[in-house]
Each structure stands twice: as structure tokens, then as C-alpha cells.
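Q: Supplied structure: run21.pdb, PDB, C-alpha atoms.
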```
MODEL        1
ATOM      1  CA  SER A 448      11.859  -5.992 -19.995
ATOM      2  CA  ALA A 449      14.945  -4.555 -18.334
ATOM      3  CA  VAL A 450      16.029  -6.106 -15.064
ATOM      4  CA  ILE A 451      16.918  -3.376 -12.582
ATOM      5  CA  SER A 452      18.335  -3.870  -9.131
ATOM      6  CA  GLN A 453      18.826  -1.345  -6.372
ATOM      7  CA  LYS A 454      20.907  -1.423  -3.245
ATOM      8  CA  PRO A 455      20.113  -1.066  -0.447
ATOM      9  CA  SER A 456      16.470  -2.076  -0.488
ATOM     10  CA  ARG A 457      15.867  -0.133   2.693
ATOM     11  CA  ASP A 458      17.841   1.736   5.310
ATOM     12  CA  ILE A 459      17.362   3.712   8.474
ATOM     13  CA  CYS A 460      19.799   6.599   8.784
ATOM     14  CA  GLN A 461      20.511   9.345  11.256
ATOM     15  CA  ARG A 462      20.050  12.965  10.325
ATOM     16  CA  GLY A 463      23.151  14.676   9.040
ATOM     17  CA  THR A 464      24.561  11.540   7.426
ATOM     18  CA  SER A 465      24.627  10.549   3.749
ATOM     19  CA  LEU A 466      23.449   7.456   1.923
ATOM     20  CA  THR A 467      24.471   6.267  -1.540
ATOM     21  CA  ILE A 468      21.919   4.248  -3.499
ATOM     22  CA  GLN A 469      23.069   2.033  -6.332
ATOM     23  CA  CYS A 470      21.130   1.165  -9.469
ATOM     24  CA  GLN A 471      22.265  -1.643 -11.772
ATOM     25  CA  VAL A 472      20.640  -2.533 -15.107
ATOM     26  CA  ASP A 473      21.131  -5.776 -16.999
ATOM     27  CA  SER A 474      21.563  -4.010 -20.356
ATOM     28  CA  GLN A 475      23.100  -0.817 -21.644
ATOM     29  CA  VAL A 476      20.762   2.158 -21.528
ATOM     30  CA  THR A 477      21.141   5.736 -22.631
ATOM     31  CA  MET A 478      19.468   7.489 -19.761
ATOM     32  CA  MET A 479      18.705   6.617 -16.188
ATOM     33  CA  PHE A 480      16.182   8.528 -14.138
ATOM     34  CA  TRP A 481      16.023   8.998 -10.377
ATOM     35  CA  TYR A 482      12.659   9.580  -8.736
ATOM     36  CA  ARG A 483      11.579  10.305  -5.190
ATOM     37  CA  GLN A 484       8.289   9.245  -3.653
ATOM     38  CA  GLN A 485       7.564  10.863  -0.319
ATOM     39  CA  PRO A 486       5.131   9.062   2.003
ATOM     40  CA  GLY A 487       1.623   8.995   0.565
ATOM     41  CA  GLN A 488       2.689  11.033  -2.448
ATOM     42  CA  SER A 489       3.264  10.502  -6.128
ATOM     43  CA  LEU A 490       6.617  10.189  -7.853
ATOM     44  CA  THR A 491       8.733  13.246  -8.570
ATOM     45  CA  LEU A 492      11.751  13.229 -10.850
ATOM     46  CA  ILE A 493      14.973  14.246  -9.130
ATOM     47  CA  ALA A 494      17.359  14.116 -12.065
ATOM     48  CA  THR A 495      18.263  12.450 -15.327
ATOM     49  CA  ALA A 496      21.638  10.756 -15.552
ATOM     50  CA  ASN A 497      23.452  10.466 -18.861
ATOM     51  CA  GLN A 498      26.686   8.521 -19.104
ATOM     52  CA  GLY A 499      29.712  10.750 -19.475
ATOM     53  CA  SER A 500      28.065  14.033 -18.619
ATOM     54  CA  GLU A 501      26.644  15.905 -15.668
ATOM     55  CA  ALA A 502      23.211  14.891 -14.490
ATOM     56  CA  THR A 503      20.300  17.198 -15.257
ATOM     57  CA  TYR A 504      18.376  18.194 -12.147
ATOM     58  CA  GLU A 505      14.727  19.153 -11.896
ATOM     59  CA  SER A 506      13.561  22.316 -10.235
ATOM     60  CA  GLY A 507      13.870  22.038  -6.479
ATOM     61  CA  PHE A 508      16.697  19.491  -6.539
ATOM     62  CA  VAL A 509      20.368  20.438  -6.429
ATOM     63  CA  ILE A 510      23.584  18.584  -7.032
ATOM     64  CA  ASP A 511      25.005  19.324  -3.592
ATOM     65  CA  LYS A 512      22.082  17.554  -1.960
ATOM     66  CA  PHE A 513      21.639  14.736  -4.500
ATOM     67  CA  PRO A 514      24.947  14.076  -6.271
ATOM     68  CA  ILE A 515      24.653  11.475  -9.024
ATOM     69  CA  SER A 516      27.267   9.389 -10.748
ATOM     70  CA  ARG A 517      26.908   7.530 -14.058
ATOM     71  CA  PRO A 518      30.230   5.789 -14.709
ATOM     72  CA  ASN A 519      28.940   3.470 -17.456
ATOM     73  CA  LEU A 520      25.838   2.508 -19.412
ATOM     74  CA  THR A 521      24.544  -0.012 -16.861
ATOM     75  CA  PHE A 522      25.126   1.656 -13.507
ATOM     76  CA  SER A 523      24.310   4.818 -11.576
ATOM     77  CA  THR A 524      24.380   6.022  -8.000
ATOM     78  CA  LEU A 525      22.340   8.637  -6.178
ATOM     79  CA  THR A 526      23.608  10.058  -2.906
ATOM     80  CA  VAL A 527      21.259  11.696  -0.440
ATOM     81  CA  SER A 528      23.484  14.085   1.485
ATOM     82  CA  ASN A 529      23.170  15.665   4.926
ATOM     83  CA  MET A 530      19.887  13.903   5.464
ATOM     84  CA  SER A 531      16.929  15.233   7.408
ATOM     85  CA  PRO A 532      13.642  13.500   8.281
ATOM     86  CA  GLU A 533      12.067  15.198   5.235
ATOM     87  CA  ASP A 534      14.274  12.992   3.046
ATOM     88  CA  SER A 535      12.423   9.903   4.242
ATOM     89  CA  SER A 536      11.068   8.525   0.973
ATOM     90  CA  ILE A 537      11.231   5.739  -1.523
ATOM     91  CA  TYR A 538      13.922   6.420  -4.104
ATOM     92  CA  LEU A 539      13.498   4.700  -7.455
ATOM     93  CA  CYS A 540      15.647   4.494 -10.526
ATOM     94  CA  SER A 541      14.110   4.049 -13.942
ATOM     95  CA  VAL A 542      15.277   3.284 -17.465
ATOM     96  CA  GLY A 543      13.706   3.276 -20.870
ATOM     97  CA  ARG A 544      13.746   0.187 -23.059
ATOM     98  CA  GLN A 545      16.207   0.567 -25.898
ATOM     99  CA  GLY A 546      14.234   0.853 -29.100
ATOM    100  CA  GLY A 547      10.924   0.794 -27.288
ATOM    101  CA  TYR A 548       8.586   2.956 -25.333
ATOM    102  CA  GLU A 549       8.300   1.336 -21.921
ATOM    103  CA  GLN A 550      10.011   2.721 -18.860
ATOM    104  CA  TYR A 551      10.880   0.312 -16.130
ATOM    105  CA  PHE A 552      11.567   0.914 -12.486
ATOM    106  CA  GLY A 553      13.865  -0.675 -10.012
ATOM    107  CA  PRO A 554      12.410  -2.125  -6.809
ATOM    108  CA  GLY A 555      13.121   1.084  -4.908
ATOM    109  CA  THR A 556      15.086   2.024  -1.814
ATOM    110  CA  ARG A 557      12.972   2.799   1.216
ATOM    111  CA  LEU A 558      14.823   5.380   3.299
ATOM    112  CA  THR A 559      13.889   6.440   6.799
ATOM    113  CA  VAL A 560      15.776   9.286   8.428
ATOM    114  CA  THR A 561      15.559   9.602  12.204
TER     115      THR A 561
ATOM    116  CA  ALA B 293       2.602  22.808 -18.680
ATOM    117  CA  GLN B 294       2.061  19.082 -18.850
ATOM    118  CA  LYS B 295      -0.184  17.694 -16.149
ATOM    119  CA  ILE B 296      -1.804  14.408 -15.167
ATOM    120  CA  THR B 297      -5.007  14.314 -13.111
ATOM    121  CA  GLN B 298      -6.410  11.314 -11.281
ATOM    122  CA  THR B 299      -9.596  12.376  -9.521
ATOM    123  CA  GLN B 300     -10.322   9.113  -7.689
ATOM    124  CA  PRO B 301      -8.220   8.807  -4.538
ATOM    125  CA  GLY B 302      -9.786   5.419  -3.809
ATOM    126  CA  MET B 303     -11.899   2.816  -5.549
ATOM    127  CA  PHE B 304     -13.539  -0.396  -4.420
ATOM    128  CA  VAL B 305     -14.443  -3.299  -6.671
ATOM    129  CA  GLN B 306     -15.719  -6.772  -6.050
ATOM    130  CA  GLU B 307     -13.640  -9.700  -7.183
ATOM    131  CA  LYS B 308     -14.337 -10.763 -10.797
ATOM    132  CA  GLU B 309     -15.930  -7.432 -11.650
ATOM    133  CA  ALA B 310     -14.446  -4.828 -14.003
ATOM    134  CA  VAL B 311     -13.252  -1.435 -12.790
ATOM    135  CA  THR B 312     -12.262   1.783 -14.545
ATOM    136  CA  LEU B 313      -9.615   4.102 -13.141
ATOM    137  CA  ASP B 314      -9.768   7.621 -14.516
ATOM    138  CA  CYS B 315      -6.912   9.695 -15.876
ATOM    139  CA  THR B 316      -6.959  12.985 -17.735
ATOM    140  CA  TYR B 317      -3.952  14.800 -19.065
ATOM    141  CA  ASP B 318      -2.984  18.174 -20.382
ATOM    142  CA  THR B 319      -0.258  18.767 -22.914
ATOM    143  CA  SER B 320       0.442  20.967 -25.903
ATOM    144  CA  ASP B 321       2.756  18.367 -27.453
ATOM    145  CA  GLN B 322       1.483  16.461 -30.470
ATOM    146  CA  SER B 323       3.612  13.456 -29.626
ATOM    147  CA  TYR B 324       3.382  11.954 -26.172
ATOM    148  CA  GLY B 325       2.967   8.657 -24.394
ATOM    149  CA  LEU B 326       0.654   7.579 -21.605
ATOM    150  CA  PHE B 327       1.501   4.915 -19.051
ATOM    151  CA  TRP B 328      -0.155   3.075 -16.220
ATOM    152  CA  TYR B 329       1.798   1.610 -13.335
ATOM    153  CA  LYS B 330       0.771  -0.526 -10.391
ATOM    154  CA  GLN B 331       2.416  -0.030  -7.026
ATOM    155  CA  PRO B 332       1.710  -2.710  -4.415
ATOM    156  CA  SER B 333       2.515  -2.151  -0.772
ATOM    157  CA  SER B 334       6.067  -3.384  -1.393
ATOM    158  CA  GLY B 335       6.749  -0.103  -3.198
ATOM    159  CA  GLU B 336       7.896  -1.379  -6.569
ATOM    160  CA  MET B 337       6.458   0.241  -9.694
ATOM    161  CA  ILE B 338       5.116  -2.331 -12.119
ATOM    162  CA  PHE B 339       4.589  -1.264 -15.738
ATOM    163  CA  LEU B 340       1.117  -2.252 -16.935
ATOM    164  CA  ILE B 341       0.312  -0.649 -20.261
ATOM    165  CA  TYR B 342       1.321   2.061 -22.705
ATOM    166  CA  GLN B 343      -0.553   4.182 -25.255
ATOM    167  CA  GLY B 344       1.157   6.400 -27.799
ATOM    168  CA  SER B 345      -0.539   9.587 -28.916
ATOM    169  CA  TYR B 346      -0.553   8.415 -32.533
ATOM    170  CA  ASP B 347      -1.883   4.957 -31.781
ATOM    171  CA  GLU B 348      -5.360   4.644 -33.237
ATOM    172  CA  GLN B 349      -6.284   1.489 -31.375
ATOM    173  CA  ASN B 350      -6.675   1.272 -27.618
ATOM    174  CA  ALA B 351      -3.837  -0.591 -25.982
ATOM    175  CA  THR B 352      -4.548  -3.919 -24.310
ATOM    176  CA  GLU B 353      -2.371  -6.160 -22.138
ATOM    177  CA  GLY B 354      -4.146  -9.194 -20.792
ATOM    178  CA  ARG B 355      -6.787  -8.016 -18.320
ATOM    179  CA  TYR B 356      -5.695  -4.395 -18.720
ATOM    180  CA  SER B 357      -6.958  -2.082 -21.411
ATOM    181  CA  LEU B 358      -6.511   1.612 -21.885
ATOM    182  CA  ASN B 359      -9.547   3.613 -23.003
ATOM    183  CA  PHE B 360      -7.844   6.390 -24.956
ATOM    184  CA  GLN B 361     -10.011   9.355 -25.913
ATOM    185  CA  LYS B 362      -7.654  11.853 -27.465
ATOM    186  CA  ALA B 363     -10.141  14.670 -28.006
ATOM    187  CA  ARG B 364     -11.154  14.507 -24.357
ATOM    188  CA  LYS B 365      -7.532  14.016 -23.241
ATOM    189  CA  SER B 366      -8.406  11.009 -21.178
ATOM    190  CA  ALA B 367      -6.597   7.688 -20.765
ATOM    191  CA  ASN B 368      -8.619   5.541 -18.415
ATOM    192  CA  LEU B 369      -7.407   2.132 -17.289
ATOM    193  CA  VAL B 370      -9.908  -0.706 -17.381
ATOM    194  CA  ILE B 371      -9.173  -3.813 -15.353
ATOM    195  CA  SER B 372     -11.399  -6.724 -16.221
ATOM    196  CA  ALA B 373     -12.164  -9.664 -13.953
ATOM    197  CA  SER B 374     -10.574  -8.080 -10.880
ATOM    198  CA  GLN B 375      -8.509 -10.263  -8.598
ATOM    199  CA  LEU B 376      -7.586  -9.812  -4.947
ATOM    200  CA  GLY B 377      -3.980  -9.323  -6.050
ATOM    201  CA  ASP B 378      -5.015  -6.228  -7.996
ATOM    202  CA  SER B 379      -5.340  -4.305  -4.729
ATOM    203  CA  ALA B 380      -2.665  -1.605  -4.994
ATOM    204  CA  MET B 381      -2.000   2.016  -5.909
ATOM    205  CA  TYR B 382      -2.325   2.781  -9.606
ATOM    206  CA  PHE B 383      -0.519   5.678 -11.206
ATOM    207  CA  CYS B 384      -1.148   7.268 -14.563
ATOM    208  CA  ALA B 385       1.880   8.926 -16.145
ATOM    209  CA  MET B 386       2.770  10.851 -19.272
ATOM    210  CA  ARG B 387       6.006  11.026 -21.193
ATOM    211  CA  GLU B 388       6.870  14.428 -22.566
ATOM    212  CA  GLY B 389       8.290  14.725 -26.049
ATOM    213  CA  ASP B 390       9.341  12.363 -28.793
ATOM    214  CA  ASP B 391      12.408  10.589 -27.496
ATOM    215  CA  TYR B 392      11.347   7.352 -25.899
ATOM    216  CA  ASN B 393      14.612   6.820 -24.132
ATOM    217  CA  THR B 394      15.434  10.225 -22.786
ATOM    218  CA  ASP B 395      12.219  11.854 -21.731
ATOM    219  CA  LYS B 396      10.987  11.867 -18.181
ATOM    220  CA  LEU B 397       7.581  10.807 -16.919
ATOM    221  CA  ILE B 398       5.098  13.021 -15.118
ATOM    222  CA  PHE B 399       2.867  11.191 -12.673
ATOM    223  CA  GLY B 400      -0.636  11.677 -11.373
ATOM    224  CA  THR B 401      -1.475  11.459  -7.691
ATOM    225  CA  GLY B 402      -2.640   7.874  -7.929
ATOM    226  CA  THR B 403      -5.766   5.848  -7.169
ATOM    227  CA  ARG B 404      -5.856   3.240  -4.441
ATOM    228  CA  LEU B 405      -7.822   0.226  -5.635
ATOM    229  CA  GLN B 406      -9.178  -2.275  -3.174
ATOM    230  CA  VAL B 407     -10.645  -5.542  -4.388
ATOM    231  CA  PHE B 408     -12.952  -7.345  -1.979
ATOM    232  CA  PRO B 409     -14.192 -10.943  -2.139
TER     233      PRO B 409
ENDMDL
END
```
Written as C-alpha cells, that's how I'd like the structure from this file.

A:
Amino acid sequence: SAVISQKPSRDICQRGTSLTIQCQVDSQVTMMFWYRQQPGQSLTLIATANQGSEATYESGFVIDKFPISRPNLTFSTLTVSNMSPEDSSIYLCSVGRQGGYEQYFGPGTRLTVT
Amino acid sequence: AQKITQTQPGMFVQEKEAVTLDCTYDTSDQSYGLFWYKQPSSGEMIFLIYQGSYDEQNATEGRYSLNFQKARKSANLVISASQLGDSAMYFCAMREGDDYNTDKLIFGTGTRLQVFP
């Protein structure tokens, strides 16, 4: 299975500030996915990040609020901009296994906005 | 539109017993994949088991098995010999489309399983 790390693991931020979350994979992958899990809720896809091109955002998520970078095949960042308490969530990155069907998740970043 | 339904918000099971967590799905795609994940209180998502739409045999991984009934569009997770460490949220998910590496997952609302001694 892919080994995925995320930084930071958790953070408490003030409203109006921004936080950048890093996702590192131990192997090269085509696509990386960013999900959000609000408290007590299921996972919702924010965007899909492909190396060398603009990320593809799901309905309800915009680039100005959640800019994503994908500089190479093993790394991606998600920024949560101009945060409000409603952004308090777990943010998870995910990758598919090359040549396989599984999708693996990083350990998540638990964000609290005060 | 693709949809995943988990109708059991919570389930209780006694240690060493088997438990079935329900999942139904809706899709018009012929090719799709079904996943189960475990989420303990730490928040990480742990991959448990996968079933492809063309797989004729039910998937099994250790104590986990997936009861796949294609005509009924159900993909229930069976956990045998429950352990206290199985207490967690369990999510059913579906992959849209054919491309294993580029297609997103759609998740159900989850079932909280509690195993008691």
C-alpha cells in the first residue's frame, strides 16, 4: 500500500487566516484527491490534483478558497484560505494505487478555526 | 446520479460475534468499484476491502467479507469474530467510472459500530 503523510496533523487557527496542508506520498501517483470531513459528517471531495495542470474542483468548492498545488508526482498542498469556523474539519488527501484499484488515505489534518 | 446509502447510523455487536453493515448504491455505470473503510476516533481512513462490479466472487480480506448482490445493488460488509478494536465508524464508498487511478470516491454517511465485551 502507498505510504501517505500529511502535515500538520492538527492545527488551531484564527478566523481570517490561511493554512497550507501538505501531502507526501512514497511513490509516484497520477492523481491526488483532497477530501473534507466536517464534524460528524461523511467525506466530500474538494478537488482532484493532477501534476502539471490545474486542479479540478467539485461543485461548491472554488480555487480562491482552496488553492491546490501539485508540483510533482509525489507531493501536493491544499490551502484553506480566509478561514471561518465552518472550515473546521478533517482534511484528507488520497491516492490510488498504481496499477491497482485501492485508494489510500493520508492520516488527515484536523483543523479547528476559532 | 451516483449515490451510496448506509441506513444504519449505529450498530452494536458482542465481541466474537459476526456483524453485517448495510450498504446500497445507485449508479447507471456498468463498471464501478465498491469500497469499505474504517475510521477510528483518530480520524484516519483505513482501507478494508474492495469489490469490482465485474467480480463474480465476493471479496474477502481476513475477517472482512463483502456480500455483493449486484441485482439488488447492495454491498454489505460482514465482520466475523468481532474484536473490541473494531469499534469505529465504517464508510461504504463507490468509485465512478473505469479509471482506477483517476476517479473519485463517493461516500455514504457511515455506520458507527460499537463492540462490547

Q: Could you spell out the hits of the PyMOL selection byres ((chain A) within 12 of (chain B)) on the shown file, as a PDB file with C-alpha atoms, in the coordinates of the input?

A:
```pdb
ATOM      1  CA  SER A 448      11.859  -5.992 -19.995  1.00  0.00           C
ATOM      2  CA  ALA A 449      14.945  -4.555 -18.334  1.00  0.00           C
ATOM      3  CA  VAL A 450      16.029  -6.106 -15.064  1.00  0.00           C
ATOM      4  CA  ILE A 451      16.918  -3.376 -12.582  1.00  0.00           C
ATOM      5  CA  SER A 452      18.335  -3.870  -9.131  1.00  0.00           C
ATOM      6  CA  GLN A 453      18.826  -1.345  -6.372  1.00  0.00           C
ATOM      7  CA  SER A 456      16.470  -2.076  -0.488  1.00  0.00           C
ATOM      8  CA  ARG A 457      15.867  -0.133   2.693  1.00  0.00           C
ATOM      9  CA  GLN A 475      23.100  -0.817 -21.644  1.00  0.00           C
ATOM     10  CA  VAL A 476      20.762   2.158 -21.528  1.00  0.00           C
ATOM     11  CA  THR A 477      21.141   5.736 -22.631  1.00  0.00           C
ATOM     12  CA  MET A 478      19.468   7.489 -19.761  1.00  0.00           C
ATOM     13  CA  MET A 479      18.705   6.617 -16.188  1.00  0.00           C
ATOM     14  CA  PHE A 480      16.182   8.528 -14.138  1.00  0.00           C
ATOM     15  CA  TRP A 481      16.023   8.998 -10.377  1.00  0.00           C
ATOM     16  CA  TYR A 482      12.659   9.580  -8.736  1.00  0.00           C
ATOM     17  CA  ARG A 483      11.579  10.305  -5.190  1.00  0.00           C
ATOM     18  CA  GLN A 484       8.289   9.245  -3.653  1.00  0.00           C
ATOM     19  CA  GLN A 485       7.564  10.863  -0.319  1.00  0.00           C
ATOM     20  CA  PRO A 486       5.131   9.062   2.003  1.00  0.00           C
ATOM     21  CA  GLY A 487       1.623   8.995   0.565  1.00  0.00           C
ATOM     22  CA  GLN A 488       2.689  11.033  -2.448  1.00  0.00           C
ATOM     23  CA  SER A 489       3.264  10.502  -6.128  1.00  0.00           C
ATOM     24  CA  LEU A 490       6.617  10.189  -7.853  1.00  0.00           C
ATOM     25  CA  THR A 491       8.733  13.246  -8.570  1.00  0.00           C
ATOM     26  CA  LEU A 492      11.751  13.229 -10.850  1.00  0.00           C
ATOM     27  CA  ILE A 493      14.973  14.246  -9.130  1.00  0.00           C
ATOM     28  CA  ALA A 494      17.359  14.116 -12.065  1.00  0.00           C
ATOM     29  CA  THR A 495      18.263  12.450 -15.327  1.00  0.00           C
ATOM     30  CA  ALA A 496      21.638  10.756 -15.552  1.00  0.00           C
ATOM     31  CA  ASN A 497      23.452  10.466 -18.861  1.00  0.00           C
ATOM     32  CA  GLN A 498      26.686   8.521 -19.104  1.00  0.00           C
ATOM     33  CA  THR A 503      20.300  17.198 -15.257  1.00  0.00           C
ATOM     34  CA  TYR A 504      18.376  18.194 -12.147  1.00  0.00           C
ATOM     35  CA  GLU A 505      14.727  19.153 -11.896  1.00  0.00           C
ATOM     36  CA  SER A 536      11.068   8.525   0.973  1.00  0.00           C
ATOM     37  CA  ILE A 537      11.231   5.739  -1.523  1.00  0.00           C
ATOM     38  CA  TYR A 538      13.922   6.420  -4.104  1.00  0.00           C
ATOM     39  CA  LEU A 539      13.498   4.700  -7.455  1.00  0.00           C
ATOM     40  CA  CYS A 540      15.647   4.494 -10.526  1.00  0.00           C
ATOM     41  CA  SER A 541      14.110   4.049 -13.942  1.00  0.00           C
ATOM     42  CA  VAL A 542      15.277   3.284 -17.465  1.00  0.00           C
ATOM     43  CA  GLY A 543      13.706   3.276 -20.870  1.00  0.00           C
ATOM     44  CA  ARG A 544      13.746   0.187 -23.059  1.00  0.00           C
ATOM     45  CA  GLN A 545      16.207   0.567 -25.898  1.00  0.00           C
ATOM     46  CA  GLY A 546      14.234   0.853 -29.100  1.00  0.00           C
ATOM     47  CA  GLY A 547      10.924   0.794 -27.288  1.00  0.00           C
ATOM     48  CA  TYR A 548       8.586   2.956 -25.333  1.00  0.00           C
ATOM     49  CA  GLU A 549       8.300   1.336 -21.921  1.00  0.00           C
ATOM     50  CA  GLN A 550      10.011   2.721 -18.860  1.00  0.00           C
ATOM     51  CA  TYR A 551      10.880   0.312 -16.130  1.00  0.00           C
ATOM     52  CA  PHE A 552      11.567   0.914 -12.486  1.00  0.00           C
ATOM     53  CA  GLY A 553      13.865  -0.675 -10.012  1.00  0.00           C
ATOM     54  CA  PRO A 554      12.410  -2.125  -6.809  1.00  0.00           C
ATOM     55  CA  GLY A 555      13.121   1.084  -4.908  1.00  0.00           C
ATOM     56  CA  THR A 556      15.086   2.024  -1.814  1.00  0.00           C
ATOM     57  CA  ARG A 557      12.972   2.799   1.216  1.00  0.00           C
ATOM     58  CA  LEU A 558      14.823   5.380   3.299  1.00  0.00           C
TER      59      LEU A 558
END
```

Q: Using all atoms listed in the file, can you list as a ChimeraX atom specification the residues within 6 Å of (-0.3, -0.6, -7.9)?

A: /B:330-332,380-382

Q: If you measure from CA of Leu369 in chain B to CA of Val305 in chain B, what distance in Å do you get, rounded to one decimal?

A: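 Answer for the CA of Leu369 in chain B to CA of Val305 in chain B separation: 13.8 Å.
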
Q: For the structure provided, state which residues fall under the PyMOL selection byres ((chain B and resi 356-360) around 9), and present them as a ChimeraX atom specification.

A: /B:328,340-343,345,348-355,361-362,364-372

Q: Could you please take those selected residues and save C-alpha atoms as a PDB file, keeping the file's coordinate frame?

A:
```pdb
ATOM      1  CA  TRP B 328      -0.155   3.075 -16.220  1.00  0.00           C
ATOM      2  CA  LEU B 340       1.117  -2.252 -16.935  1.00  0.00           C
ATOM      3  CA  ILE B 341       0.312  -0.649 -20.261  1.00  0.00           C
ATOM      4  CA  TYR B 342       1.321   2.061 -22.705  1.00  0.00           C
ATOM      5  CA  GLN B 343      -0.553   4.182 -25.255  1.00  0.00           C
ATOM      6  CA  SER B 345      -0.539   9.587 -28.916  1.00  0.00           C
ATOM      7  CA  GLU B 348      -5.360   4.644 -33.237  1.00  0.00           C
ATOM      8  CA  GLN B 349      -6.284   1.489 -31.375  1.00  0.00           C
ATOM      9  CA  ASN B 350      -6.675   1.272 -27.618  1.00  0.00           C
ATOM     10  CA  ALA B 351      -3.837  -0.591 -25.982  1.00  0.00           C
ATOM     11  CA  THR B 352      -4.548  -3.919 -24.310  1.00  0.00           C
ATOM     12  CA  GLU B 353      -2.371  -6.160 -22.138  1.00  0.00           C
ATOM     13  CA  GLY B 354      -4.146  -9.194 -20.792  1.00  0.00           C
ATOM     14  CA  ARG B 355      -6.787  -8.016 -18.320  1.00  0.00           C
ATOM     15  CA  GLN B 361     -10.011   9.355 -25.913  1.00  0.00           C
ATOM     16  CA  LYS B 362      -7.654  11.853 -27.465  1.00  0.00           C
ATOM     17  CA  ARG B 364     -11.154  14.507 -24.357  1.00  0.00           C
ATOM     18  CA  LYS B 365      -7.532  14.016 -23.241  1.00  0.00           C
ATOM     19  CA  SER B 366      -8.406  11.009 -21.178  1.00  0.00           C
ATOM     20  CA  ALA B 367      -6.597   7.688 -20.765  1.00  0.00           C
ATOM     21  CA  ASN B 368      -8.619   5.541 -18.415  1.00  0.00           C
ATOM     22  CA  LEU B 369      -7.407   2.132 -17.289  1.00  0.00           C
ATOM     23  CA  VAL B 370      -9.908  -0.706 -17.381  1.00  0.00           C
ATOM     24  CA  ILE B 371      -9.173  -3.813 -15.353  1.00  0.00           C
ATOM     25  CA  SER B 372     -11.399  -6.724 -16.221  1.00  0.00           C
TER      26      SER B 372
END
```

Q: Find the distance between CA of Gly499 in chain A and CA of Lys512 in chain A and write it in Å to one decimal.

A: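 Going from CA of Gly499 in chain A over to CA of Lys512 in chain A, I get 20.3 Å.
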
Q: Applied to this file, what does the PyMOL selection byres ((chain A and resi 525) around 6) return in terms of residues, put as a list in words?

A: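 Applied to this file, the PyMOL selection byres ((chain A and resi 525) around 6) selects Thr467, Ile468, Ile515, Thr524 and Thr526 of chain A.
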
Q: Calculate how many Å separate CA of Cys384 in chain B from CA of Ser333 in chain B, rounding to one decimal.

A: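 Pair CA of Cys384 in chain B / CA of Ser333 in chain B returns 17.1 Å.
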
Q: Restricting the calculation to all atoms listed in the file, which member of A:Ser500, A:Ser506, A:Asn519, A:Thr559 is positioned closest to Thr464 in chain A?

A: A:Thr559

Q: Just give me the residues with any atom within 12 Å of (-14.6, -0.1, -10.7), file coordinates, counting only C-alpha atoms, written as a list in words.

A: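 Answer for this query, in the requested form: Gln300, Gly302, Met303, Phe304, Val305, Gln306, Glu307, Lys308, Glu309, Ala310, Val311, Thr312, Leu313, Asp314, Asn368, Leu369, Val370, Ile371, Ser372, Ala373, Ser374, Asp378, Ser379, Thr403, Arg404, Leu405, Gln406, Val407 and Phe408 of chain B.
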
Q: Just need the box for range 378-387 of chain B, edges along x, y and z, holding every atom the file lists for it with 6 Å tacked onto each side, so centre and edge lengths in Å to one decimal, as AutoDock Vina command-line options.

A:
```
--center_x 0.3 --center_y 2.4 --center_z -13.0 --size_x 23.3 --size_y 29.3 --size_z 28.5
```

Q: Hey, could you patch up range 557-561 of chain A with all heavy atoms and hand it over as a compact mmCIF listing (two decimals), in the frame of the given file?

A:
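File written: rebuild-v5.txt
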```txt
# COMPACT_ATOMS: atom_id res chain seq x y z
N ARG A 557 13.83 2.15 0.21
CA ARG A 557 12.97 2.80 1.22
C ARG A 557 13.85 3.37 2.31
O ARG A 557 14.47 2.62 3.06
CB ARG A 557 11.98 1.79 1.78
CG ARG A 557 10.84 2.41 2.56
CD ARG A 557 9.91 1.31 3.07
NE ARG A 557 9.20 0.63 2.00
CZ ARG A 557 8.00 0.94 1.55
NH1 ARG A 557 7.34 1.98 2.08
NH2 ARG A 557 7.42 0.25 0.59
N LEU A 558 13.93 4.68 2.37
CA LEU A 558 14.82 5.38 3.30
C LEU A 558 14.02 6.03 4.41
O LEU A 558 13.05 6.75 4.15
CB LEU A 558 15.61 6.45 2.55
CG LEU A 558 16.45 7.43 3.38
CD1 LEU A 558 17.53 6.68 4.17
CD2 LEU A 558 17.06 8.50 2.49
N THR A 559 14.46 5.77 5.63
CA THR A 559 13.89 6.44 6.80
C THR A 559 15.01 7.19 7.50
O THR A 559 16.06 6.60 7.80
CB THR A 559 13.25 5.43 7.77
OG1 THR A 559 12.24 4.69 7.09
CG2 THR A 559 12.64 6.15 8.98
N VAL A 560 14.78 8.46 7.75
CA VAL A 560 15.78 9.29 8.43
C VAL A 560 15.23 9.66 9.81
O VAL A 560 14.13 10.20 9.93
CB VAL A 560 16.10 10.56 7.63
CG1 VAL A 560 17.19 11.36 8.33
CG2 VAL A 560 16.52 10.21 6.21
N THR A 561 16.02 9.34 10.83
CA THR A 561 15.56 9.60 12.20
C THR A 561 16.34 10.76 12.82
O THR A 561 17.41 11.14 12.33
CB THR A 561 15.74 8.36 13.07
OG1 THR A 561 17.13 8.00 13.09
CG2 THR A 561 14.95 7.19 12.50
```
